[in-house]
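Below is one structure, written out as structure tokens; the observations come after it.
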Amino acid sequence: MYDHAQVEKIRNHALEREQRGEIEAWLLELIYDAKLFKAFVPQELGGRGAGMPEALRLFEQASWIDGAFGWLVTIGAGGGFFSATLPEQEAVALFSGRDAVLAGSGMPTGTAQRTEGGYIVSGEWKYCSGSTYASFYTANCMIEGEGEPLMRSFAFLPEQVEVIRDWNSLGLRATSSHSIKVQSSFVPENMTFDIATEPRYDDPIYRVPFLPFAQTSFAAVSIGIARHFLEECRSLAAHKAWEWSEMQSRRLEALLEAVDREEQWLTEASHLFHTIVESSWETFVQEGELSPELWDEVGQVSQQTASTARSGAQTVFPLLGMTGLQQNHPLNRTWRDLHTVTQHSVLLSL
């Protein structure tokens with residue numbers, strides 16, 4: 001879906017993007033044109049209406065081009081999941097626009113008090129990727145004064161949200177994954193929802209449990225970034241071939257052997273991942289359900305794939321010499337991006 005010129009342009013601006021801490025307007029326009037943020041939004045709301053296998057290929061390809069780009073596409077697209085559980089009129093208003101994309105958090109670090117027609121909400125939520133360009137926001141709150149603890153999801157308009165620019169991570173630095181804050185803001189009842197309720201649309205994607213939905217998405221990002229990292233390693237070997245063959249011939253051999261081996265293992269892990277996901281998806285679509293055991297298998301292969309991607313990068317990194325330590329080099333950036341993605345708790349076998 002991307003031509004060579006687009007790939008080169010995105011990569012050539014990666015350092016500038018990382019230093020600025022957010023993606024450029026022209027790259028957002030590319031995303032809007034391709035409806036990447038609307039991968040899971042139904043076609044009747046102007047989305048792609050993609051199934052899981054198609055979307056995972058989109059996430060992997062975008063992440064292969066650039067880690068931050070791929071992460072933002074993945075997170076932005078994931079918000080389309082909520083188009084099936086927000087009240088219909090509000091879902092149309094929030095998701096129909098060309099530039100519709102949400103940022104938010106699943107952690108229930110806000111509180112909500114019932115009032116006439118809705119709730120008074122206050123809270124602060126961390127790690128909201130895409131926070132600086134979101135057209136709306138979602139976050140979870142605990143309802144106060146309800147006896148038993150009750151969590152509910154809330155949608156906020158930009159004017160209700162303060163973006164706290166505190167994202168300062170090892171990698172994915174260009175993702176604007178800042179905290180957001182809402183202070184004593186009124187949210188009408190029809191701007192709240194529960195993702196566990198029956199989805200309004202029949203598309204199977206809206207019935208995928210949220211955990212494997214996240215695990216597969218992030219595993220696809222891991223595959224894409226790891227592929228890019230190993231390609232950069234091979235490029236370094238070619239660039240250093242003459243110098244190292246004269247002075248450090250064993251290092252050159254060791255690097256090439258390691259890259260060959262890790263590329264093979266990543267290819268095998270990726271093939272198994274896509275095979276299991278696509279087979280499970282086909283069963284899910286045909287039968288309308290999938291056993292918890294099979295969903296667990298999907299989650300486990302996602303975790304294993306991410307682990308293979310991470311461990312491969314860790315094995316090769318010591319062989320890169322001083323070049324690998326330069327923060328402005330693609331080797332260093334892809335390594336940092338990969339370790340940031342695979343740090344996510346859903347990809348850890350805990």
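All residue names refer to the structure tokens as shown: chains lettered A, B, ... in order, residues numbered from 1 in each chain, ligands numbered from 1 in order.
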
Can you pull out every residue within 10 Å of A:Val285, counting only C-alpha atoms, but drop anything in the same chain fewer than 2 positions away, and send it as a list of chain:residue names?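 Those residues are A:Gly51, A:Asp203, A:Pro204, A:Ile205, A:Ser280, A:Trp281, A:Glu282, A:Thr283, A:Glu287, A:Gly288, A:Glu289, A:Leu290.
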
Using the chain letters and numbers from this document, which residues of stretch 159-281 of chain A does DSSP assign to strand (DSSP E or B), as a PyMOL selection string? chain A and resi 162-164+178-188+192-193

Could you check which of A:Phe193, A:Phe40, A:Tyr119, A:Trp244 is closest to A:Ser153, using only C-alpha atoms?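 Of A:Phe193, A:Phe40, A:Tyr119, A:Trp244, the one nearest A:Ser153 is A:Phe193, counting only C-alpha atoms.
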
Nearest candidate to A:Asp337 (options A:Phe81, A:Tyr137, A:Tyr206, A:Trp71; using only C-alpha atoms):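 Checking each candidate against A:Asp337, we get A:Trp71 as the closest.
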
DSSP alpha helix (DSSP H) residues within stretch 12-239 of chain A, as a PyMOL selection string: chain A and resi 12+14-20+25-34+52-65+67-78+88-95+210-239

I'd like the neighbourhood of A:Glu263 as a list in words, where a residue qualifies if any of its atoms comes within 10 Å (using only C-alpha atoms), though same-chain residues fewer than 2 positions away should be ignored.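 That gives Ala226, Arg227, Leu230, Glu231, Glu257, Ala258, Val259, Asp260, Arg261, Trp265, Leu266, Thr267, Glu268, Ala269, Ala309 and Gly312 of chain A.
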